[in-house]
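Dropping data_34.txt in here (compact mmCIF, C-alpha atoms):
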# COMPACT_ATOMS: atom_id res chain seq x y z
CA MET A 1 -66.16 66.94 -14.63
CA THR A 2 -62.64 67.84 -15.72
CA THR A 3 -61.79 67.55 -19.38
CA THR A 4 -58.29 67.04 -20.61
CA SER A 5 -57.07 67.62 -24.11
CA ALA A 6 -55.38 64.87 -26.05
CA PRO A 7 -51.59 64.90 -25.86
CA VAL A 8 -49.90 66.70 -28.74
CA VAL A 9 -46.57 65.29 -29.95
CA VAL A 10 -44.38 67.36 -32.25
CA GLN A 11 -41.01 66.51 -33.77
CA GLN A 12 -38.84 69.62 -33.71
CA ARG A 13 -36.80 70.20 -36.83
CA ASP A 14 -34.30 72.49 -35.11
CA VAL A 15 -32.61 71.26 -31.95
CA PRO A 16 -32.95 73.91 -29.23
CA ALA A 17 -29.64 75.14 -27.82
CA ALA A 18 -31.01 74.53 -24.33
CA ILE A 19 -31.35 70.81 -25.11
CA CYS A 20 -27.90 70.61 -26.74
CA SER A 21 -26.37 72.13 -23.63
CA LEU A 22 -27.63 69.18 -21.55
CA THR A 23 -25.54 66.54 -23.30
CA THR A 24 -21.78 66.11 -23.04
CA MET A 25 -21.63 64.37 -26.41
CA ALA A 26 -19.42 66.29 -28.80
CA SER A 27 -20.44 66.13 -32.47
CA PRO A 28 -23.27 63.57 -32.39
CA ASP A 29 -23.95 61.80 -35.68
CA TYR A 30 -27.71 61.69 -35.06
CA VAL A 31 -30.04 63.94 -33.08
CA ASP A 32 -33.80 64.12 -32.88
CA VAL A 33 -36.12 66.03 -30.58
CA PHE A 34 -39.77 65.39 -29.75
CA THR A 35 -42.03 67.41 -27.49
CA VAL A 36 -45.32 66.28 -25.98
CA THR A 37 -47.76 68.63 -24.29
CA ALA A 38 -50.32 67.11 -22.00
CA SER A 39 -52.31 68.83 -19.27
CA GLU A 40 -52.87 65.59 -17.33
CA ALA A 41 -49.13 65.18 -16.80
CA ALA A 42 -48.41 68.75 -15.71
CA GLY A 43 -45.88 68.96 -12.93
CA ALA A 44 -44.21 65.60 -13.56
CA SER A 45 -40.45 65.60 -13.07
CA ALA A 46 -37.97 64.76 -15.81
CA GLN A 47 -37.13 61.50 -14.02
CA GLN A 48 -40.82 60.56 -13.84
CA TRP A 49 -41.08 61.23 -17.58
CA ALA A 50 -37.96 59.13 -18.22
CA ARG A 51 -39.35 56.21 -16.22
CA ALA A 52 -42.72 56.52 -17.95
CA GLY A 53 -41.15 56.63 -21.41
CA ILE A 54 -38.46 54.01 -21.01
CA GLU A 55 -39.84 51.55 -18.48
CA ALA A 56 -43.58 51.79 -19.12
CA ALA A 57 -44.12 52.99 -22.70
CA ALA A 58 -41.09 51.48 -24.48
CA GLY A 59 -41.10 48.43 -22.23
CA ASP A 60 -39.89 45.09 -23.58
CA ALA A 61 -39.85 46.26 -27.22
CA GLY A 62 -37.51 49.10 -26.30
CA GLN A 63 -35.31 46.76 -24.29
CA PHE A 64 -35.08 44.43 -27.30
CA VAL A 65 -33.98 47.25 -29.62
CA TRP A 66 -31.51 48.70 -27.11
CA ARG A 67 -29.98 45.44 -25.86
CA VAL A 68 -30.18 43.17 -28.92
CA LEU A 69 -30.18 45.36 -32.02
CA LEU A 70 -27.94 48.13 -30.65
CA GLY A 71 -26.02 46.04 -28.12
CA LEU A 72 -26.30 48.72 -25.42
CA ARG A 73 -24.86 47.63 -22.10
CA LEU A 74 -27.80 48.22 -19.77
CA GLU A 75 -28.01 47.05 -16.18
CA ARG A 76 -30.54 44.32 -15.56
CA GLN A 77 -31.26 45.06 -11.90
CA PRO A 78 -33.43 48.08 -11.06
CA SER A 79 -31.68 50.77 -9.05
CA SER A 80 -32.08 54.40 -8.05
CA ASP A 81 -29.21 55.48 -10.32
CA ARG A 82 -30.70 53.85 -13.45
CA VAL A 83 -33.84 54.16 -15.54
CA GLY A 84 -34.70 51.02 -17.48
CA GLY A 85 -31.05 50.00 -17.27
CA TRP A 86 -29.80 53.35 -18.62
CA LYS A 87 -27.31 55.16 -16.35
CA ILE A 88 -28.45 58.49 -14.93
CA ALA A 89 -25.41 60.51 -15.97
CA ASP A 90 -26.56 63.92 -14.80
CA ARG A 91 -29.65 65.85 -13.83
CA GLY A 92 -30.91 69.27 -12.91
CA ASP A 93 -34.13 70.72 -11.56
CA SER A 94 -36.05 70.16 -14.78
CA TRP A 95 -33.95 67.69 -16.78
CA ILE A 96 -32.20 64.35 -16.71
CA ARG A 97 -29.61 62.79 -19.03
CA LEU A 98 -29.38 59.03 -19.47
CA GLU A 99 -26.41 57.34 -21.12
CA ALA A 100 -25.62 53.92 -22.54
CA ALA A 101 -23.03 52.53 -24.93
CA SER A 102 -22.28 49.46 -26.98
CA TRP A 103 -19.03 48.50 -28.64
CA PHE A 104 -20.00 50.52 -31.73
CA LEU A 105 -22.11 53.48 -30.60
CA THR A 106 -22.90 55.77 -27.68
CA ALA A 107 -26.40 57.05 -26.88
CA HIS A 108 -27.68 59.87 -24.69
CA LEU A 109 -31.34 60.50 -23.92
CA VAL A 110 -32.24 63.90 -22.49
CA PHE A 111 -35.63 64.57 -20.91
CA GLN A 112 -36.50 68.19 -20.11
CA ALA A 113 -39.80 68.67 -18.29
CA ASP A 114 -41.92 71.75 -17.71
CA ASP A 115 -45.53 72.43 -16.69
CA GLN A 116 -46.73 71.71 -20.21
CA GLY A 117 -45.08 68.31 -20.76
CA VAL A 118 -41.66 67.06 -21.79
CA THR A 119 -39.07 67.39 -24.52
CA VAL A 120 -37.05 64.26 -25.30
CA ALA A 121 -33.85 64.35 -27.32
CA THR A 122 -31.93 61.36 -28.64
CA PHE A 123 -28.21 61.82 -29.33
CA ILE A 124 -26.24 59.05 -31.06
CA ARG A 125 -22.51 58.98 -31.77
CA TYR A 126 -21.10 56.39 -34.15
CA ASP A 127 -18.00 54.97 -32.47
CA ARG A 128 -17.39 52.46 -35.30
CA PRO A 129 -18.50 52.45 -38.96
CA LEU A 130 -20.99 49.64 -38.27
CA ALA A 131 -23.04 52.06 -36.15
CA ALA A 132 -24.22 54.03 -39.19
CA PHE A 133 -25.21 50.79 -40.94
CA ASP A 134 -27.14 49.61 -37.85
CA TRP A 135 -28.71 52.86 -36.62
CA ARG A 136 -29.83 54.45 -39.92
CA PRO A 137 -32.64 51.96 -40.61
CA LEU A 138 -33.52 51.77 -36.92
CA SER A 139 -33.75 55.57 -36.75
CA VAL A 140 -36.64 55.52 -39.25
CA GLY A 141 -38.59 53.23 -36.92
CA HIS A 142 -37.51 55.31 -33.94
CA ARG A 143 -38.94 58.52 -35.42
CA LYS A 144 -42.16 56.75 -36.40
CA ALA A 145 -42.54 55.17 -32.95
CA MET A 146 -41.84 58.26 -30.84
CA PRO A 147 -45.30 59.90 -31.17
CA SER A 148 -47.16 56.79 -29.98
CA LEU A 149 -44.51 56.07 -27.36
CA LEU A 150 -44.85 59.59 -25.94
CA ASP A 151 -48.63 59.31 -26.08
CA ARG A 152 -48.38 56.15 -23.93
CA ALA A 153 -45.85 57.91 -21.69
CA VAL A 154 -48.44 60.58 -20.87
CA THR A 155 -50.74 57.91 -19.44
CA ALA A 156 -47.85 56.22 -17.64
CA VAL A 157 -46.50 59.43 -16.10
CA ALA A 158 -49.95 60.31 -14.80
CA ARG A 159 -50.07 56.87 -13.08
CA ILE A 160 -46.52 57.24 -11.74
CA THR A 161 -47.14 60.67 -10.24
CA LEU A 162 -50.41 59.51 -8.67
CA ARG A 163 -48.75 56.40 -7.20
CA GLU A 164 -45.86 58.48 -5.80
CA GLU A 165 -48.28 60.98 -4.28
CA GLU A 166 -50.28 58.17 -2.66
CA SER A 167 -47.19 56.42 -1.30
CA SER A 168 -45.84 59.64 0.18
CA GLY A 169 -49.18 60.40 1.81
CA SER A 170 -49.45 63.68 -0.03
CA SER A 171 -52.16 62.73 -2.48
CA ARG A 172 -54.31 65.60 -3.59
CA ARG A 173 -57.43 65.84 -1.51
CA ASN A 174 -60.72 67.17 -2.71
CA PRO A 175 -62.44 68.77 0.33
CA ALA A 176 -65.80 68.53 -1.43
CA THR A 177 -65.64 64.73 -1.43
CA GLU A 178 -64.20 64.16 2.04
CA VAL A 179 -66.35 62.48 4.64
CA HIS A 180 -66.40 64.19 8.01
CA GLU A 181 -67.58 62.42 11.13
Could you spell out this file's structure in structure tokens?
Amino acid sequence: MTTTSAPVVVQQRDVPAAICSLTTMASPDYVDVFTVTASEAAGASAQQWARAGIEAAAGDAGQFVWRVLLGLRLERQPSSDRVGGWKIADRGDSWIRLEAASWFLTAHLVFQADDQGVTVATFIRYDRPLAAFDWRPLSVGHRKAMPSLLDRAVTAVARITLREEESSGSSRRNPATEVHE
């Protein structure tokens, strides 16, 4: 029997330079960074983490905040160049940057994955004075919600990676449980 440790979510007080280098946003007005470590999600890609966090964990509640409260212009139709309506702006081997904007603010989400889990950074730029009025109270809820959201993302990313392995025919096989005829 394999045991897995519970996911550990930590909010980082200092934004790592490596994360800052993955956004093109100059002088953001708001930045936060959360890291989750979870053995059961080891090896998941940054895009898998993004889909797990945005589409599965945040789900309809996230869409309500992004579309209604923040007015972000997100695509409604699923596509390979979007995650939960957010545009995939850039990516590398271990990271992905998603972008969206409304008439009063611009948002970037950066996911950087490694064998231990994922680091997620939120960058917000106030394009109009109303943005500070709108985002400041929402940011309190955002910071409170991130630990449970990332906890749910761990479960979702494990399902996503398993489903992708099964659909590609490369699911992990356990020779001890195979039936030979």
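Our summary of the geometry notes that atom CA of Glu40 of chain A is positioned 13.6 Å from atom CA of Ala52 of chain A.
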Subject >> Residue neighbourhood Asp90 of chain A, 12 Å, all atoms listed in the file, exclusion window fewer than 3 positions, as a VMD selection string >> reply: chain A and resid 22 to 24 46 to 47 81 to 82 86 to 87 93 to 99 108 to 111
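For the pair atom CA of Leu70 of chain A and atom CA of Ser45 of chain A, the separation is 27.8 Å.
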Subject >> Test item: residues at most 8 Å from segment 56-68 of chain A, all atoms listed in the file, excluding those fewer than 5 positions along its chain, as a ChimeraX atom specification >> reply: /A:51,73-74,149-150,152-153,156
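Proximity to Ile160 of chain A was assessed for A:Ser102, A:Ser148, A:Gln48, A:Gln112 counting all atoms listed in the file; the smallest distance is recorded for A:Gln48.
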**OP:** Mind checking which residues fall within 7 Å of Gly85 of chain A, counting all atoms listed in the file, ignoring those fewer than 4 positions away in the same chain, and posting them as a PyMOL selection string?
**Re:** chain A and resi 74-76+78
